[in-house]
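Peer 1: The following file, final-v4.tsv, comprises TSV, C-alpha atoms:
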```tsv
chain	number	residue	atom	x	y	z
A	1	MET	CA	0.00	0.00	0.00
A	2	ARG	CA	1.33	3.44	-0.89
A	3	VAL	CA	1.21	6.01	1.92
A	4	TYR	CA	2.34	9.62	1.96
A	5	VAL	CA	4.23	10.74	5.06
A	6	PRO	CA	4.30	14.50	5.76
A	7	LEU	CA	7.63	15.89	6.95
A	8	THR	CA	9.76	19.00	7.01
A	9	LEU	CA	13.25	19.20	5.53
A	10	SER	CA	14.74	18.75	9.02
A	11	GLY	CA	12.49	15.71	9.50
A	12	LEU	CA	13.72	14.31	6.18
A	13	ALA	CA	17.33	14.91	7.29
A	14	GLU	CA	16.65	12.99	10.50
A	15	ALA	CA	15.05	10.13	8.54
A	16	TYR	CA	18.10	10.03	6.27
A	17	LYS	CA	20.42	9.98	9.29
A	18	THR	CA	18.53	7.18	11.08
A	19	GLY	CA	17.49	5.27	7.98
A	20	GLU	CA	13.84	5.21	8.94
A	21	LEU	CA	10.65	7.23	9.06
A	22	GLY	CA	9.64	6.96	12.61
A	23	PRO	CA	9.41	5.97	15.32
A	24	GLY	CA	5.89	4.67	14.98
A	25	PRO	CA	3.12	5.38	15.10
A	26	LEU	CA	3.44	7.51	11.99
A	27	VAL	CA	0.72	9.74	10.64
A	28	ALA	CA	0.44	9.33	6.89
A	29	TYR	CA	-2.14	9.76	4.16
A	30	ALA	CA	-3.46	7.20	1.72
A	31	VAL	CA	-6.39	6.33	-0.48
A	32	THR	CA	-8.93	5.49	2.22
A	33	PRO	CA	-12.65	4.74	1.76
A	34	ALA	CA	-13.46	8.23	3.08
A	35	LEU	CA	-11.05	9.83	0.61
A	36	ARG	CA	-12.65	7.86	-2.24
A	37	GLU	CA	-16.09	9.06	-1.13
A	38	TRP	CA	-14.95	12.67	-0.78
A	39	TYR	CA	-13.05	12.78	-4.09
A	40	LEU	CA	-15.69	10.89	-6.10
A	41	SER	CA	-13.27	9.21	-8.48
A	42	ASP	CA	-12.31	5.67	-9.36
A	43	ASP	CA	-9.04	6.76	-11.01
A	44	ILE	CA	-6.29	5.53	-8.66
A	45	GLU	CA	-3.80	8.12	-9.91
A	46	GLU	CA	-6.22	10.94	-9.13
A	47	LEU	CA	-6.92	9.44	-5.70
A	48	GLU	CA	-3.22	9.07	-4.91
A	49	TYR	CA	-2.68	12.68	-6.00
A	50	ALA	CA	-5.45	13.71	-3.59
A	51	ALA	CA	-3.75	11.73	-0.78
A	52	LEU	CA	-0.43	13.41	-1.64
A	53	ASN	CA	-2.09	16.82	-1.38
A	54	ARG	CA	-3.62	15.91	1.99
A	55	ALA	CA	-0.10	14.99	3.17
A	56	ALA	CA	1.21	18.31	1.81
A	57	LEU	CA	-1.37	20.11	3.95
A	58	ALA	CA	-0.23	18.07	6.96
A	59	SER	CA	3.36	19.08	6.17
A	60	LEU	CA	2.17	22.68	6.24
A	61	ARG	CA	0.77	22.02	9.74
A	62	LEU	CA	4.21	20.74	10.79
A	63	LEU	CA	5.78	23.92	9.41
A	64	ALA	CA	3.25	26.07	11.28
A	65	ALA	CA	4.26	24.33	14.50
A	66	ASP	CA	8.00	24.81	13.86
A	67	PRO	CA	8.83	28.45	13.10
A	68	GLY	CA	12.51	27.60	12.56
A	69	ALA	CA	11.90	25.04	9.82
A	70	VAL	CA	12.72	25.80	6.20
A	71	ARG	CA	9.42	26.82	4.61
A	72	ARG	CA	9.12	24.01	2.09
A	73	ARG	CA	6.55	21.24	2.34
A	74	VAL	CA	7.95	17.68	2.21
A	75	VAL	CA	6.08	14.44	1.57
A	76	VAL	CA	7.68	11.00	1.35
A	77	ALA	CA	5.82	8.41	-0.73
A	78	VAL	CA	6.49	5.02	0.81
A	79	ASP	CA	5.20	1.52	0.28
A	80	VAL	CA	4.11	-0.38	3.37
A	81	PRO	CA	2.68	-3.89	3.57
A	82	ASP	CA	-1.08	-4.17	3.14
A	83	GLY	CA	-2.66	-3.98	6.57
A	84	ALA	CA	0.21	-1.92	8.05
A	85	ALA	CA	-1.75	1.32	7.74
A	86	PHE	CA	-5.01	1.88	9.59
A	87	SER	CA	-7.62	4.59	9.20
A	88	ASP	CA	-9.96	5.64	11.98
A	89	PRO	CA	-13.49	5.18	10.60
A	90	ASP	CA	-14.86	7.56	13.24
A	91	ARG	CA	-12.71	10.41	11.87
A	92	GLY	CA	-13.03	9.49	8.20
A	93	LEU	CA	-14.99	12.57	7.13
A	94	ASP	CA	-13.31	15.01	9.53
A	95	PRO	CA	-11.81	17.55	7.10
A	96	THR	CA	-8.47	17.57	8.94
A	97	ALA	CA	-8.28	13.75	8.95
A	98	LEU	CA	-9.48	12.99	5.42
A	99	GLY	CA	-7.23	10.26	4.00
A	100	GLN	CA	-5.28	10.04	7.25
A	101	VAL	CA	-3.88	6.68	8.29
A	102	ARG	CA	-1.66	5.48	11.11
A	103	VAL	CA	1.33	3.22	10.57
A	104	ASP	CA	2.12	1.64	13.93
A	105	ARG	CA	5.79	1.00	13.33
A	106	ALA	CA	8.80	2.79	11.96
A	107	VAL	CA	9.23	2.40	8.20
A	108	PRO	CA	12.69	1.99	6.66
A	109	LEU	CA	13.54	4.96	4.45
A	110	GLY	CA	14.68	2.34	1.94
A	111	LYS	CA	10.99	1.55	1.32
A	112	ALA	CA	10.42	5.08	0.03
A	113	ALA	CA	9.43	5.33	-3.61
A	114	ALA	CA	9.99	9.08	-3.97
A	115	VAL	CA	10.20	12.38	-2.14
A	116	HIS	CA	8.04	15.38	-3.02
A	117	VAL	CA	9.32	18.84	-2.02
A	118	ASP	CA	8.39	22.43	-2.75
A	119	ALA	CA	10.69	24.37	-5.06
A	120	SER	CA	12.52	27.23	-3.37
A	121	ASP	CA	10.29	29.75	-5.18
A	122	ALA	CA	7.32	28.48	-3.12
A	123	GLU	CA	8.86	29.52	0.21
A	124	THR	CA	7.17	32.94	0.35
A	125	ASP	CA	3.71	31.47	-0.24
A	126	VAL	CA	4.36	28.52	2.09
A	127	THR	CA	5.53	30.91	4.82
A	128	ALA	CA	2.36	32.97	4.47
A	129	ALA	CA	0.23	29.82	4.42
A	130	ALA	CA	1.86	28.44	7.58
A	131	GLU	CA	1.13	31.73	9.35
A	132	ALA	CA	-2.49	31.75	8.14
A	133	LEU	CA	-3.25	28.07	8.71
A	134	ALA	CA	-4.79	28.33	12.19
A	135	ALA	CA	-7.13	31.11	11.07
A	136	ALA	CA	-8.04	29.19	7.90
A	137	GLU	CA	-8.88	26.06	9.87
A	138	GLY	CA	-10.98	28.30	12.14
A	139	GLY	CA	-13.13	29.34	9.17
A	140	ASP	CA	-11.45	32.59	8.05
A	141	ASP	CA	-12.01	32.77	4.27
A	142	ASP	CA	-9.20	35.27	3.68
A	143	ALA	CA	-6.75	33.04	5.52
A	144	GLN	CA	-8.00	30.04	3.53
A	145	PHE	CA	-7.20	31.94	0.34
A	146	VAL	CA	-3.61	32.37	1.59
A	147	VAL	CA	-3.35	28.66	2.46
A	148	ASP	CA	-4.70	27.76	-0.98
A	149	GLY	CA	-1.91	29.90	-2.45
A	150	ALA	CA	0.66	27.40	-1.15
A	151	GLY	CA	-1.41	24.61	-2.70
A	152	ASP	CA	-1.02	26.30	-6.07
A	153	HIS	CA	2.64	25.22	-6.01
A	154	GLU	CA	3.13	21.68	-7.26
A	155	LEU	CA	5.50	19.60	-5.18
A	156	LEU	CA	8.52	18.52	-7.18
A	157	TRP	CA	9.36	14.83	-7.50
A	158	PHE	CA	12.76	13.59	-6.36
A	159	ALA	CA	14.27	10.12	-6.42
A	160	THR	CA	15.33	8.80	-3.02
A	161	GLN	CA	18.96	8.97	-4.15
A	162	GLU	CA	18.57	12.77	-4.18
A	163	ILE	CA	17.73	13.01	-0.47
A	164	PRO	CA	21.32	13.92	0.59
A	165	ASN	CA	21.24	16.92	-1.76
A	166	LEU	CA	17.78	17.95	-0.55
A	167	VAL	CA	18.86	18.01	3.09
A	168	GLY	CA	22.25	19.61	2.43
A	169	LEU	CA	24.37	16.52	2.97
A	170	GLY	CA	25.32	15.94	-0.68
A	171	ASN	CA	28.70	16.72	-2.16
```
As structure tokens - that is how I would like this structure written.

Peer 2:
Amino acid sequence: MRVYVPLTLSGLAEAYKTGELGPGPLVAYAVTPALREWYLSDDIEELEYAALNRAALASLRLLAADPGAVRRRVVVAVDVPDGAAFSDPDRGLDPTALGQVRVDRAVPLGKAAAVHVDASDAETDVTAAAEALAAAEGGDDDAQFVVDGAGDHELLWFATQEIPNLVGLGN
């Protein structure tokens, strides 16, 4: 099963250092029944893209909680065994938990399929979105517009071999 783990660049650096995403339980995002119902599509690529975007929003929440973090959203796409990720059916339609799953154990970074990261030109919009996130989640339409501005930036795809360069450890 493919899951999308939200991180920050410092979180990715730590995962690279330790060799794992963890410790568990990990919050991730995946194609859940609630996400299928919300997105109204049977196209798995569209559904996985929706799960990736939900993880990008969760990465933004991590950035909002860590003012010192580099203002770039990070999502690691990783394959876990079927049954390793669990969704909470009671929170399935909660807007903040849509597509959310829990992986109860640490996942080796070697299981990652790819890393998705904002380009550096997104930092201004991501910074503004992180600052506006609490107000947006409280129902402020103007703040939601700012948060949506970060979502207008597509996350770039990187192979796992590029992680050292992403976190500043490459040659």

Peer 1: So which one's closest to A:His153, A:Asp94, A:Asp121, A:Asp141, A:Glu37? Using all atoms listed in the file, please.

Peer 2: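 Counting all atoms listed in the file, the residue closest to A:His153 is A:Asp121.
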
Peer 1: Please list as a PyMOL selection string every residue within 9 Å of A:Ala159, counting all atoms listed in the file and excluding residues in the same chain fewer than 2 positions away.

Peer 2: chain A and resi 113-116+157+161-163

Peer 1: Let me make sure I understand: among A:Phe158, A:Phe145, A:Phe86, A:Tyr49, which one has the smallest atom-to-atom distance to A:Thr32 if we use only C-alpha atoms?

Peer 2: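 Nearest candidate to A:Thr32 out of A:Phe158, A:Phe145, A:Phe86, A:Tyr49: A:Phe86.
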
Peer 1: Counting all atoms listed in the file, which residues sit no farther than 9 Å from the position (15.2, -1.6, 10.5) in the file's frame? I'd like them as number ranges by chain.

Peer 2: A: 19-20, 106-108

Peer 1: A:Glu137: which residues within 10 Å, counting all atoms listed in the file, same-chain residues fewer than 6 positions away excluded, as a ChimeraX atom specification?

Peer 2: /A:95-96,143-144,147

Peer 1: Take the selection from the previous step and output its residues with C-alpha atoms, as an mmCIF file, in the coordinates of the input.

Peer 2:
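As a result, result.cif now contains:
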```cif
data_model
loop_
_atom_site.group_PDB
_atom_site.id
_atom_site.type_symbol
_atom_site.label_atom_id
_atom_site.label_comp_id
_atom_site.auth_asym_id
_atom_site.auth_seq_id
_atom_site.Cartn_x
_atom_site.Cartn_y
_atom_site.Cartn_z
ATOM 1 C CA PRO A 95 -11.810 17.550 7.100
ATOM 2 C CA THR A 96 -8.470 17.570 8.940
ATOM 3 C CA ALA A 143 -6.750 33.040 5.520
ATOM 4 C CA GLN A 144 -8.000 30.040 3.530
ATOM 5 C CA VAL A 147 -3.350 28.660 2.460
#
```

Peer 1: Leaving out A:Val146 and any residue of its chain fewer than 4 positions from it, which residues lie within 8 Å of it when counting all atoms listed in the file, given as a PDB file with C-alpha atoms, keeping the file's coordinate frame?

Peer 2:
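Below is the file that was written, selection05.pdb:
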```
ATOM      1  CA  ASP A 125       3.710  31.470  -0.240  1.00  0.00           C
ATOM      2  CA  ALA A 128       2.360  32.970   4.470  1.00  0.00           C
ATOM      3  CA  ALA A 129       0.230  29.820   4.420  1.00  0.00           C
ATOM      4  CA  ALA A 132      -2.490  31.750   8.140  1.00  0.00           C
ATOM      5  CA  ASP A 142      -9.200  35.270   3.680  1.00  0.00           C
ATOM      6  CA  ALA A 150       0.660  27.400  -1.150  1.00  0.00           C
TER       7      ALA A 150
END
```

Peer 1: Find the residue from A:Val101, A:Ala119, A:Ala69, A:Leu47 that sits nearest to A:Gly11; use only C-alpha atoms when measuring.

Peer 2: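 Smallest separation from A:Gly11 among the options: A:Ala69.
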
Peer 1: Can you tell me how far atom CA of A:Ala122 sits from atom CA of A:Leu40, in Å to one decimal?

Peer 2: 29.1 Å

Peer 1: Which is closer to A:Gly149 than all the others in A:Asn165, A:Thr124, A:Lys17, A:Ser87, using only C-alpha atoms?

Peer 2: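 Comparing A:Asn165, A:Thr124, A:Lys17, A:Ser87 against A:Gly149, the winner is A:Thr124.
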
Peer 1: Can you measure atom CA of A:Ala30 to atom CA of A:Val3 for me? One decimal in Å is fine.

Peer 2: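 Atom CA of A:Val3 lies 4.8 Å from atom CA of A:Ala30.
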
Peer 1: Which residue is closest to A:Ala85? Choose from A:Leu7, A:Arg102, A:Arg2, A:Ala130 and count all atoms listed in the file.

Peer 2: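 So, comparing all the options, the nearest one is A:Arg102.
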
Peer 1: Enter the distance from atom CA of A:Asp152 to atom CA of A:Asp118, in Å, rounded to one decimal.

Peer 2: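 Between these atoms lies a distance of 10.7 Å.
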
Peer 1: Find the residue from A:Ala97, A:Ala55, A:Val27, A:Val76 that sits nearest to A:Ala13; use all atoms listed in the file when measuring.

Peer 2: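 Using all atoms listed in the file, A:Ala13 sits closest to A:Val76.
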
Peer 1: What lies within 10 Å of A:Leu21 using all atoms listed in the file, ignoring chain neighbours under 3 positions off, as a CSV table (one decimal) with C-alpha atoms, in the frame of the given file?

Peer 2:
```
chain,number,residue,atom,x,y,z
A,5,VAL,CA,4.2,10.7,5.1
A,7,LEU,CA,7.6,15.9,7.0
A,11,GLY,CA,12.5,15.7,9.5
A,12,LEU,CA,13.7,14.3,6.2
A,14,GLU,CA,16.6,13.0,10.5
A,15,ALA,CA,15.0,10.1,8.5
A,16,TYR,CA,18.1,10.0,6.3
A,18,THR,CA,18.5,7.2,11.1
A,24,GLY,CA,5.9,4.7,15.0
A,25,PRO,CA,3.1,5.4,15.1
A,26,LEU,CA,3.4,7.5,12.0
A,76,VAL,CA,7.7,11.0,1.4
A,78,VAL,CA,6.5,5.0,0.8
A,105,ARG,CA,5.8,1.0,13.3
A,106,ALA,CA,8.8,2.8,12.0
A,107,VAL,CA,9.2,2.4,8.2
A,108,PRO,CA,12.7,2.0,6.7
A,109,LEU,CA,13.5,5.0,4.4
A,110,GLY,CA,14.7,2.3,1.9
A,111,LYS,CA,11.0,1.6,1.3
A,112,ALA,CA,10.4,5.1,0.0
```

Peer 1: Could you add the missing atoms to stretch 15-50 of chain A, up to N, CA and C atoms, and return them as a compact mmCIF listing (two decimals), keeping the file's coordinate frame?

Peer 2:
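Contents of the output file selection.txt:
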```
# COMPACT_ATOMS: atom_id res chain seq x y z
N ALA A 15 15.37 11.44 9.11
CA ALA A 15 15.05 10.13 8.54
C ALA A 15 16.24 9.59 7.75
N TYR A 16 16.92 10.45 7.03
CA TYR A 16 18.10 10.03 6.27
C TYR A 16 19.20 9.57 7.22
N LYS A 17 19.38 10.31 8.31
CA LYS A 17 20.42 9.98 9.29
C LYS A 17 20.15 8.64 9.97
N THR A 18 18.88 8.41 10.35
CA THR A 18 18.53 7.18 11.08
C THR A 18 18.18 6.02 10.17
N GLY A 19 17.86 6.33 8.91
CA GLY A 19 17.49 5.27 7.98
C GLY A 19 16.04 4.85 8.07
N GLU A 20 15.25 5.59 8.83
CA GLU A 20 13.84 5.21 8.94
C GLU A 20 12.95 6.42 9.17
N LEU A 21 11.71 6.27 8.75
CA LEU A 21 10.65 7.23 9.06
C LEU A 21 10.04 6.73 10.35
N GLY A 22 10.16 7.47 11.38
CA GLY A 22 9.64 6.96 12.61
C GLY A 22 10.19 7.71 13.78
N PRO A 23 9.99 7.26 14.97
CA PRO A 23 9.41 5.97 15.32
C PRO A 23 7.89 5.95 15.14
N GLY A 24 7.32 4.78 15.10
CA GLY A 24 5.89 4.67 14.98
C GLY A 24 5.22 5.09 16.29
N PRO A 25 3.97 5.38 16.30
CA PRO A 25 3.12 5.38 15.10
C PRO A 25 3.35 6.63 14.24
N LEU A 26 3.30 6.43 12.96
CA LEU A 26 3.44 7.51 11.99
C LEU A 26 2.08 7.94 11.49
N VAL A 27 1.91 9.24 11.32
CA VAL A 27 0.72 9.74 10.64
C VAL A 27 1.07 9.85 9.17
N ALA A 28 0.23 9.29 8.34
CA ALA A 28 0.44 9.33 6.89
C ALA A 28 -0.92 9.51 6.23
N TYR A 29 -0.90 9.60 4.93
CA TYR A 29 -2.14 9.76 4.16
C TYR A 29 -2.13 8.74 3.04
N ALA A 30 -3.33 8.24 2.72
CA ALA A 30 -3.46 7.20 1.72
C ALA A 30 -4.85 7.27 1.11
N VAL A 31 -5.06 6.43 0.13
CA VAL A 31 -6.39 6.33 -0.48
C VAL A 31 -7.24 5.47 0.46
N THR A 32 -8.05 6.14 1.26
CA THR A 32 -8.93 5.49 2.22
C THR A 32 -10.35 5.49 1.65
N PRO A 33 -11.25 4.69 2.22
CA PRO A 33 -12.65 4.74 1.76
C PRO A 33 -13.24 6.16 1.86
N ALA A 34 -12.93 6.87 2.93
CA ALA A 34 -13.46 8.23 3.08
C ALA A 34 -12.91 9.16 2.01
N LEU A 35 -11.63 9.00 1.66
CA LEU A 35 -11.05 9.83 0.61
C LEU A 35 -11.71 9.53 -0.73
N ARG A 36 -11.96 8.24 -0.99
CA ARG A 36 -12.65 7.86 -2.24
C ARG A 36 -14.04 8.52 -2.31
N GLU A 37 -14.74 8.49 -1.18
CA GLU A 37 -16.09 9.06 -1.13
C GLU A 37 -16.05 10.58 -1.32
N TRP A 38 -15.08 11.21 -0.70
CA TRP A 38 -14.95 12.67 -0.78
C TRP A 38 -14.54 13.11 -2.18
N TYR A 39 -13.59 12.37 -2.81
CA TYR A 39 -13.05 12.78 -4.09
C TYR A 39 -13.92 12.37 -5.27
N LEU A 40 -14.76 11.37 -5.07
CA LEU A 40 -15.69 10.89 -6.10
C LEU A 40 -15.00 10.52 -7.41
N SER A 41 -13.98 9.67 -7.30
CA SER A 41 -13.27 9.21 -8.48
C SER A 41 -12.88 7.76 -8.29
N ASP A 42 -12.80 7.04 -9.40
CA ASP A 42 -12.31 5.67 -9.36
C ASP A 42 -10.91 5.59 -9.95
N ASP A 43 -10.37 6.72 -10.41
CA ASP A 43 -9.04 6.76 -11.01
C ASP A 43 -8.00 6.76 -9.88
N ILE A 44 -7.23 5.67 -9.77
CA ILE A 44 -6.29 5.53 -8.66
C ILE A 44 -5.22 6.61 -8.68
N GLU A 45 -4.80 7.06 -9.86
CA GLU A 45 -3.80 8.12 -9.91
C GLU A 45 -4.35 9.43 -9.36
N GLU A 46 -5.59 9.74 -9.68
CA GLU A 46 -6.22 10.94 -9.13
C GLU A 46 -6.37 10.84 -7.61
N LEU A 47 -6.75 9.65 -7.14
CA LEU A 47 -6.92 9.44 -5.70
C LEU A 47 -5.59 9.54 -4.96
N GLU A 48 -4.53 8.98 -5.54
CA GLU A 48 -3.22 9.07 -4.91
C GLU A 48 -2.73 10.52 -4.90
N TYR A 49 -3.03 11.27 -5.96
CA TYR A 49 -2.68 12.68 -6.00
C TYR A 49 -3.42 13.44 -4.89
N ALA A 50 -4.67 13.09 -4.67
CA ALA A 50 -5.45 13.71 -3.59
C ALA A 50 -4.83 13.37 -2.24
```
